[in-house]
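Reviewing the structure listed below.
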Amino acid sequence: MAEIEQTATAPATFNDFLGNSAAVEHLRTSIAHGRLPHSLILSGPSGAGKYTLALMLAMAVECERQPRDLWSNGQSLANFCGVCRNCTRIAQATDLDDAIDKAVAARDDLRETDKKETRVLVQPHPDVLIIPPDPPQLLIKLGQVRTLIQSSNYLPAEAPKKIFIITASSFMKEAANSLLKVLEEPPPTVHIILLSENPGELLPTIRSRCAIVRLGALPVEEIEMLLADRRSDVPAKQRTLIARLAQGAAGKALNFDLTGYISARGDALLLLRQAIAEPDHTALFKMTETYRAGAEGQQKTTQLLRTLSLLLEDLLLLQSGTPELVRNTDIRADLERMSQAVSFQWIEQTSRAIDQVWSGMRRNLLRSLSLDAFAGQLMTSSR
């Protein structure tokens with residue numbers, strides 16, 4: 001449910017945050033001078049460290065000791081001690097997936113009548129509220145946003161500020177409009193941080209009310225060096241492949257499950273090959289049969305769709321004459337043959353079909369029907 005972050009535990013200091021030093025220093029300077037925006041969007045690819053950075057900002061704002069570092073130009077940079085009562089409580093939310101699982105389990109223990117009205121929220125500190133997509137639909141629900149609005153009207157209980165972190169702001173639908181007023185006129189003791197892989201998916205009225213800080217992708221060479229330093233158990237060829245597949249996200253690279261990716265890629269390649277060659281419906285639907293109900297099926301489907309998107313991007317890179325940018329370097333020969341067999345229009349149609357499956361999953365449609373419809377659409381589309 002949560003993006004893979006830069007490390008399994010909260011970094012000791014801002015200096016341990018990987019990459020995007022200019023953006024991080026700007027935010028630290030803002031906190032040190034009391035100018036952190038009250039409404040802030042942190043954007044960047046999955047695994048770039050948006051959630052990790054949001055927690056670090058929360059600790060820097062709420063830290064009881066308020067330590068400061070001096071930059072080379074003499075500017076004061078905010079930091080956090082990591083050991084005071086405020087810091088340690090906020091750090092308990094570092095493993096977001098675990099915190100969500102506990103919240104879901106607590107909701108499951110309620111009476112049936114109460115479950116429907118209870119939304120998943122993570123509150124490691126009385127003045128820090130984390131709002132993830134609510135399972136099983138994985139959407140930011142209206143009830144969650146209403147809790148944020150109601151809580152923002154009260155003064156902080158134990159810390160200088162109240163901080164709200166929405167971990168996947170693009171997953172807001174009807175709840176988005178309810179957030180507009182508090183984003184435009186937040187109380188002076190409130191900071192709202194929205195995390196987004198693509199701010200373009202947010203309502204223009206939300207973007208216009210927030211400052212936006214973008215976390216950019218790290219160079220492949222830098223990620224390879226990081227892997228060589230921290231994942232020396234991974235062979236050099238695999239490090240090169242992982243560095244490309246991580247799409248510039250350090251956290252994704254450090255936690256990359258190459259075995260799981262290659263397994264999903266095998267299914268994705270079967271889909272593409274069956275669509276390009278003479279379709280074998282039996283083989284195709286036998287494969288999609290494994291992507292059924294339950295959490296495991298949802299995880300497999302998510303991995304399949306992400307892998308398909310990467311393969312389509314590689315086909316586009318080959319067609320555009322930039323093979324040096326291909327990510328799946330270990331199967332480049334296969335991809336070159338595919339790129340010669342399909343048109344740009346076919347790749348565009350397939351990408352749109354993948355977006356439709358994503359949309360169906362967010363609306364809690366049956367994955368089996370969505371995948372079967374997607375497979376059928378691939379087979380009937382012109383190449």
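Chain lettering (A, B, ...) mirrors the order of the structure tokens, residue numbering begins at 1 for each chain separately, and ligand numbering begins at 1 in order of display.
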DSSP says helix (DSSP H, G or I) for which residues of region 101-269 of chain A? Put them as number ranges by chain? A: 101-108, 112-115, 142-152, 169-171, 175-178, 180-184, 199-201, 204-207, 220-230, 236-245, 250-254, 258-269
Would you kindly return, as a ChimeraX atom specification, each protein, DNA or RNA residue with an atom no farther than 6 Å from any atom of Ala175 (chain A), considering only C-alpha atoms and excluding same-chain residues fewer than 3 positions away? /A:141-142,172,178
Go ahead and dump the residues you just picked, C-alpha atoms, as a compact mmCIF listing (two decimals), in the first residue's frame.
```txt
# COMPACT_ATOMS: atom_id res chain seq x y z
CA LYS A 141 -12.23 8.83 1.71
CA LEU A 142 -14.39 11.80 2.62
CA MET A 172 -8.70 11.54 -3.64
CA SER A 178 -13.69 19.17 0.79
```
Restricting the calculation to only C-alpha atoms, which member of A:Gln123, A:Gln150, A:Asn20, A:Ser46 is positioned closest to Ser196 (chain A)?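 So, comparing all the options, the nearest one is A:Ser46.
Distances here use only C-alpha atoms; by that measure, the residue among A:Arg65, A:Leu40, A:Leu254, A:Leu202 closest to Ser232 (chain A) is A:Leu254.
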Neighbours of Gly200 (chain A) within 12 Å (only C-alpha atoms; same-chain residues fewer than 6 positions away dropped), as a VMD selection string? chain A and resid 41 43 to 44 169 to 170 206 to 208 212
So that I have them on file, write out the residues from the current selection with C-alpha atoms, as a compact mmCIF listing (two decimals), in the first residue's frame.
```txt
# COMPACT_ATOMS: atom_id res chain seq x y z
CA ILE A 41 2.94 19.00 -2.16
CA SER A 43 6.08 15.07 -5.65
CA GLY A 44 8.36 12.45 -7.16
CA SER A 169 -3.17 12.58 -2.70
CA SER A 170 -3.96 11.54 -6.29
CA ILE A 206 -5.54 21.93 -5.11
CA ARG A 207 -2.25 22.61 -6.92
CA SER A 208 -2.88 26.35 -6.92
CA ILE A 212 5.21 22.16 -4.77
```
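Using only C-alpha atoms, the shortest contact distance between Leu269 (chain A) and any of A:Asp334, A:Asp97, A:Asp257, A:Glu174 is found at A:Asp334.
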Rounded to one decimal place, report the CA of Thr301 (chain A)-CA of Leu371 (chain A) distance in Å.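 Rounded to one decimal, the two atoms are 8.5 Å apart.
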Please identify all polymer residues within 12 Å of Gln340 (chain A), counting only C-alpha atoms, omitting same-chain residues fewer than 3 positions from it, and present them as a ChimeraX atom specification. /A:276,315-321,333-337,343-344,346-347,383
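Note that the spacing between CA of Gln144 (chain A) and CA of Arg119 (chain A) amounts to 6.1 Å.
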Can you list, as number ranges by chain, all residues belonging to region 190-301 of chain A that DSSP tags as strand (DSSP E)? A: 190-196, 211-214
Atom-to-atom span, CA of Ala211 (chain A) and CA of His33 (chain A), Å: 16.5 Å
If we count only C-alpha atoms and set the cut-off at 12 Å, which residues sit around Glu313 (chain A), ignoring sequence neighbours fewer than 5 positions away in its own chain? Please answer as an NGL selection string. :A and (245 or 247 or 306-308 or 318-320 or 322-323 or 325-328 or 335 or 339 or 344 or 347-348 or 350-351)
Save out the residues we just selected, C-alpha atoms, as a tab-separated table (two decimals), in the first residue's frame.
```tsv
chain	number	residue	atom	x	y	z
A	245	LEU	CA	14.56	-0.53	-13.40
A	247	GLN	CA	13.71	4.67	-12.44
A	306	ARG	CA	3.89	-1.69	-13.62
A	307	THR	CA	6.05	-4.19	-15.50
A	308	LEU	CA	3.91	-3.86	-18.62
A	318	LEU	CA	13.73	1.62	-29.25
A	319	GLN	CA	11.34	3.04	-31.84
A	320	SER	CA	12.56	6.58	-31.13
A	322	THR	CA	17.40	5.89	-28.08
A	323	PRO	CA	18.30	2.27	-27.20
A	325	LEU	CA	17.92	4.43	-22.37
A	326	VAL	CA	16.27	1.00	-22.38
A	327	ARG	CA	15.74	-0.32	-18.85
A	328	ASN	CA	15.24	-4.04	-19.46
A	335	LEU	CA	12.35	-6.02	-27.20
A	339	SER	CA	9.39	-2.89	-31.43
A	344	PHE	CA	3.34	3.71	-32.05
A	347	ILE	CA	1.67	1.08	-27.91
A	348	GLU	CA	-0.44	4.16	-27.16
A	350	THR	CA	-2.10	-0.50	-24.89
A	351	SER	CA	-0.95	2.18	-22.44
```
Exercise: Phe80 (chain A) partners within 8 Å, only C-alpha atoms, chain neighbours under 3 positions left out, as a PyMOL selection string: chain A and resi 13+56+59-60+63+65-67+87
